[in-house]
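Let me begin by presenting the structure, written as structure tokens, before commenting on it.
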Amino acid sequence: MGLGAGGGRCKVLASLFLIGASLTTPQMSVQAASQTIVEDSDDGMARAVNRMVGGIVSYARWPNGSADTARVMCVIGTPRLTNRMAPDVPGAGSVLVRRMNAAAMTDRSGCDILFLGRTAVADRRQMIAWVRGRPILTITDDDAACIYGAMFCLSDRSASLSFSVNLDAIGRGPLRIDPRVLSIGRSTGGPI
């Protein structure tokens with residue numbers, strides 16, 4: 001389902017408006033952003049998750065480094081959607097995946113991306129509080145409604161993968177997220 005130049009421009013403007021509105025509104029603002037059909041195969045969900053996470057990463061800008069800088073993703077807990085985390089970042093960027101526990105995460109500062117799988121609520125809250133104000137992108141697949149404070153929340157529904165964006169969490173941190181991230185998956189219309 002392709003978009004004309006005018007339709008894409010309107011979506012970007014609407015996204016900018018939503019981000020601006022969330023910065024001036026004290027309550028949490030969550031926006032459902034994308035849905036992608038998952039290929040019906042043994043590794044279809046793993047590929048869909050890795051492409052979606054890679055797409056999200058490609059729209060983030062850290063204060064240090066360029067878009068091509070290799071990033072480190074720390075995985076805390078057990079991901080619900082796939083155990084084979086290997087984000088597929090478009091272009092020259094790449095992501096190294098490290099698995100660790102919550103205590104190890106707060107003791108070190110080498111993570112650019114925090115992926116929260118199934119974890120205790122207390123650990124999740126501790127991680128989100130720890131990254132607040134730091135240039136760390138937060139993604140989870142265990143909080144579809146984005147109520148615990150991650151920036152991006154993946155969910156699966158009947159052969160599709162989607163994510164929500166927590167505009168409040170994005171607005172509080174030093175990372176810059178391109179509003180076009182809201183269009184991931186909408187323009188392809190086919191399996192990932």
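Identifiers in the structure tokens: chain A, B, ... in order shown; residue index from 1 per chain; ligand index from 1 in order shown.
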
As a list in words, list the residues of region 120-186 of chain A assigned to helix (DSSP H, G or I) by DSSP on the backbone atoms of this structure.
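Here is the list: Val121, Ala122, Asp123, Arg124, Arg125, Gln126, Met127, Ile128, Ala129, Trp130, Val131, Leu167, Asp168, Ala169, Ile170, Gly171, Arg172, Pro179, Arg180, Val181, Leu182 and Ser183 of chain A.
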
Filtering to C-alpha atoms, could you give me those residues as an mmCIF file, in the first residue's frame?
```cif
data_model
loop_
_atom_site.group_PDB
_atom_site.id
_atom_site.type_symbol
_atom_site.label_atom_id
_atom_site.label_comp_id
_atom_site.auth_asym_id
_atom_site.auth_seq_id
_atom_site.Cartn_x
_atom_site.Cartn_y
_atom_site.Cartn_z
ATOM 1 C CA VAL A 121 7.787 -5.695 37.587
ATOM 2 C CA ALA A 122 10.229 -4.377 40.209
ATOM 3 C CA ASP A 123 13.195 -5.072 37.879
ATOM 4 C CA ARG A 124 11.393 -3.438 34.953
ATOM 5 C CA ARG A 125 10.667 -0.309 36.990
ATOM 6 C CA GLN A 126 14.267 -0.221 38.228
ATOM 7 C CA MET A 127 15.612 -0.444 34.656
ATOM 8 C CA ILE A 128 13.292 2.255 33.302
ATOM 9 C CA ALA A 129 14.136 4.558 36.230
ATOM 10 C CA TRP A 130 17.865 3.916 35.710
ATOM 11 C CA VAL A 131 17.820 4.781 31.982
ATOM 12 C CA LEU A 167 5.807 9.588 23.381
ATOM 13 C CA ASP A 168 6.190 10.657 27.001
ATOM 14 C CA ALA A 169 9.211 8.362 27.518
ATOM 15 C CA ILE A 170 10.793 9.565 24.267
ATOM 16 C CA GLY A 171 10.253 13.213 25.199
ATOM 17 C CA ARG A 172 12.019 12.832 28.560
ATOM 18 C CA PRO A 179 8.848 10.795 13.706
ATOM 19 C CA ARG A 180 8.926 8.676 10.538
ATOM 20 C CA VAL A 181 9.408 5.688 12.849
ATOM 21 C CA LEU A 182 5.606 5.675 13.095
ATOM 22 C CA SER A 183 5.437 4.489 9.491
#
```

Residues within 6 Å of region 96-99 of chain A, please, as a list in words. Count only C-alpha atoms; anything in the same chain fewer than 2 positions from it doesn't count.
Val72, Met73, Cys74 and Val75 of chain A

Writer output for current selection, N, CA and C atoms, as an mmCIF file, in the first residue's frame:
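Result file is out-v3.cif:
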```
data_model
loop_
_atom_site.group_PDB
_atom_site.id
_atom_site.type_symbol
_atom_site.label_atom_id
_atom_site.label_comp_id
_atom_site.auth_asym_id
_atom_site.auth_seq_id
_atom_site.Cartn_x
_atom_site.Cartn_y
_atom_site.Cartn_z
ATOM 1 N N VAL A 72 25.148 -1.197 21.028
ATOM 2 C CA VAL A 72 25.066 -2.386 21.884
ATOM 3 C C VAL A 72 23.665 -2.456 22.470
ATOM 4 N N MET A 73 23.001 -3.603 22.261
ATOM 5 C CA MET A 73 21.676 -3.831 22.826
ATOM 6 C C MET A 73 21.800 -4.831 23.963
ATOM 7 N N CYS A 74 21.405 -4.418 25.157
ATOM 8 C CA CYS A 74 21.417 -5.303 26.316
ATOM 9 C C CYS A 74 20.012 -5.877 26.488
ATOM 10 N N VAL A 75 19.938 -7.188 26.530
ATOM 11 C CA VAL A 75 18.666 -7.889 26.684
ATOM 12 C C VAL A 75 18.550 -8.334 28.134
#
```

Length of the CA of Gly44 (chain A) to CA of Arg118 (chain A) vector [Å]
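Separation of CA of Gly44 (chain A) and CA of Arg118 (chain A): 20.6 Å.
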
Run DSSP on the backbone and grab whatever in region 73-151 of chain A lands in strand (DSSP E); send it over as a compact mmCIF listing (two decimals) with C-alpha atoms, in the first residue's frame.
```txt
# COMPACT_ATOMS: atom_id res chain seq x y z
CA MET A 73 21.68 -3.83 22.83
CA CYS A 74 21.42 -5.30 26.32
CA VAL A 75 18.67 -7.89 26.68
CA ILE A 76 17.24 -8.21 30.19
CA VAL A 95 23.78 -3.91 16.75
CA LEU A 96 25.74 -6.21 19.06
CA VAL A 97 23.46 -8.16 21.43
CA ARG A 98 24.42 -8.84 25.06
CA ARG A 99 22.26 -10.79 27.49
CA MET A 100 22.48 -9.80 31.14
CA ILE A 113 19.64 -0.04 23.69
CA LEU A 114 17.77 -1.81 26.47
CA PHE A 115 15.46 -4.65 25.40
CA LEU A 116 13.20 -5.80 28.22
CA LEU A 137 16.67 3.44 23.63
CA THR A 138 14.16 1.23 25.47
CA ILE A 139 12.15 -1.52 23.76
CA THR A 140 10.03 -4.29 25.29
```

Pick from A:Met151, A:Leu161, A:Cys111, A:Ala144: nearest to Gly173 (chain A), with only C-alpha atoms counted?
A:Met151

Smallest atom-to-atom distance to Thr78 (chain A): which of A:Val53, A:Ala120, A:Ala92, A:Ile147, using only C-alpha atoms?
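The shortest atom-to-atom distance to Thr78 (chain A) comes from A:Ala120.
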